[in-house]
Amino acid sequence: MSLRPTATLTRLGIAAAGGALAALTVTGPAIAADGANNDHPRLYKGRVTAKSGLLLRTAPTRGSAVIRSEPYGAIVHIFCKTTGDTVHHNNRWYLLTDGTWAWGAAHYIKTIGPSPRWC
């Protein structure tokens with residue numbers, strides 16, 4: 001079976017993020033505890049710009065399962081970014097750490113401060 005280049009990149013991004021999540025199993029509670037600390041060097045921040053709220057998903061794809069949502073204007077904590085399905089000409093997705101690890105389309109999240117690192 002032949003995969004499209006974007007499908008291959010999406011799968012690589014998902015695999016990399018999965019590895020990062022596995023590595024964070026031990027440090028996850030420490031990051032969650034530091035989530036309120038705005039100076040945490042491993043987390044970035046963003047604000048939800050989707051007027052009707054942002055659906056957060058299990059993978060950086062539009063067809064993946066919805067885990068939860070964030071309302072318009074909510075501040076979210078971003079762990080890293082990857083490429084995935086294109087949403088309004090933007091194929092970037094952010095892995096969010098607020099309560100549950102979930103993916104949000106970058107088109108609907110305005111970063112606050114520095115751009116998140118790659119997964």
# chains A, B, ... in the order shown; residues from 1 in each chain; ligands from 1
call {"tool": "residues_around", "arguments": {"residues": "Thr111 of chain A", "least_positions_apart": "6", "cutoff": "9 Å", "atoms": "only C-alpha atoms", "output": "MDAnalysis selection string"}}
result
chainID A and resid 44:48 78
call {"tool": "closest_residue", "arguments": {"among": "A:Thr58, A:His88, A:Val66, A:Leu96", "to": "Tyr108 of chain A", "atoms": "only C-alpha atoms"}}
result
A:His88
call {"tool": "residues_around", "arguments": {"residues": "Trp101 of chain A", "least_positions_apart": "4", "cutoff": "9 Å", "atoms": "only C-alpha atoms", "output": "list in words"}}
result
Leu21, Arg57, Thr58, Ile67, Leu95, Leu96 and Thr97 of chain A
